[in-house]
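What follows is a single structure, written as structure tokens, with notes after it.
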Amino acid sequence: MNPITPIINGLRITLEHLFKKPVTLQYPTERPKVAQRFRGLHALNVSHDKAKCVACYLCPTVCPAKCITVEAGEDANHDKYAARYEIDMLRCIFCGYCVEACPVDAVRMTGEFELANYHRSDFVYDKERLLEKK
């Protein structure tokens with residue numbers, strides 16, 4: 001075997017890639033396509049201008065990471081609601097069990113994947129932050 005053959009093969013492969021369409025995304029300007037069933041950031045669904053959550057405690061019970069905190073409250077009509085609903089995203093493993101367990105479809109997972117922050121406290125999403133997610 002000629003010692004120049006591997007070099008020529010390497011150059012051939014390099015030249016082939018020069019004329020192919022690049023697969024790299026220029027991230028901030030080009031957005032990646034997220035799969036429809038992607039499990040990203042959580043969100044609380046709204047029904048009749050209030051959160052659908054009835055504080056049944058199924059989502060914190062089924063959560064393997066124990067990252068969900070729910071405290072129940074009662075309104076004037078004696079209906080139960082979540083007075084406090086928090087998710088610690090640093091502990092969450094995005095398994096989707098909370099969505100599956102919810103009997104009233106109050107929790108859903110969005111396609112949002114940009115969760116970077118500078119402070120640990122910014123990773124605790126309270127009820128108001130979860131309601132504003134689309």
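The way I read the labels, and the way they are meant: chains A, B, ... in the order of the structure tokens, residue 1 as the first residue of every chain, and ligand 1 as the first ligand shown, with later ones counted on from there.
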Q.
Going by DSSP on the backbone, which residues of chain A come out as alpha helix (DSSP H)? List them as a list in words.
A.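 For chain A, the alpha helix (DSSP H) set is Thr5, Pro6, Ile7, Ile8, Asn9, Gly10, Leu11, Arg12, Ile13, Thr14, Leu15, Glu16, His17, Leu18, Leu58, Cys59, Pro60, Thr61, Val62, Tyr97, Cys98, Val99, Glu100, Ala101, Lys127, Glu128, Arg129, Leu130 and Leu131 of chain A.
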Q.
Give me, as a list in words, all polymer residues having an atom no more than 8 Å from segment 56-71 of chain A, counting only C-alpha atoms and skipping those fewer than 5 positions away in the same chain.
A.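 After dropping sequence-adjacent residues, the list is Ala82, Ala83, Arg84, Tyr85, Glu86, Ile87, Asp88, Met89, Arg91, Cys92, Ile93, Tyr97, Cys98, Val99, Ala101 and Cys102 of chain A.
Nearest to Gly111 of chain A of all the residues A:Arg37, A:His48, A:His78, A:Arg12 is A:Arg37, based on only C-alpha atoms.
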Taking only C-alpha atoms into account, produce a table as CSV in which each residue of segment 24-80 of chain A with an atom at most 8 Å from an atom of segment 104-109 of chain A appears once, together with its shortest atom pair and the distance in Å to one decimal, ordered by chain and rising number.
residue,atom,partner,partner_atom,distance
A:Phe38,CA,A:Met109,CA,7.9
A:Arg39,CA,A:Met109,CA,5.5
A:Gly40,CA,A:Met109,CA,5.6
A:Leu41,CA,A:Met109,CA,5.6
A:His42,CA,A:Met109,CA,4.4
A:Ala43,CA,A:Arg108,CA,5.4
A:Leu44,CA,A:Val107,CA,4.8
A:Asn45,CA,A:Ala106,CA,4.9
A:Val46,CA,A:Ala106,CA,7.4
A:Ala51,CA,A:Ala106,CA,7.1
A:Lys52,CA,A:Ala106,CA,4.9
A:Cys53,CA,A:Ala106,CA,5.1
A:Val54,CA,A:Val104,CA,7.9
Q.
Report, in Å to a single decimal, how far apart atom CA of Asp75 of chain A and atom CA of Glu100 of chain A are.
A. 26.3 Å
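Distances here use only C-alpha atoms; by that measure, the residue among A:Thr5, A:Glu16, A:Tyr81, A:Lys133 closest to Lys50 of chain A is A:Tyr81.
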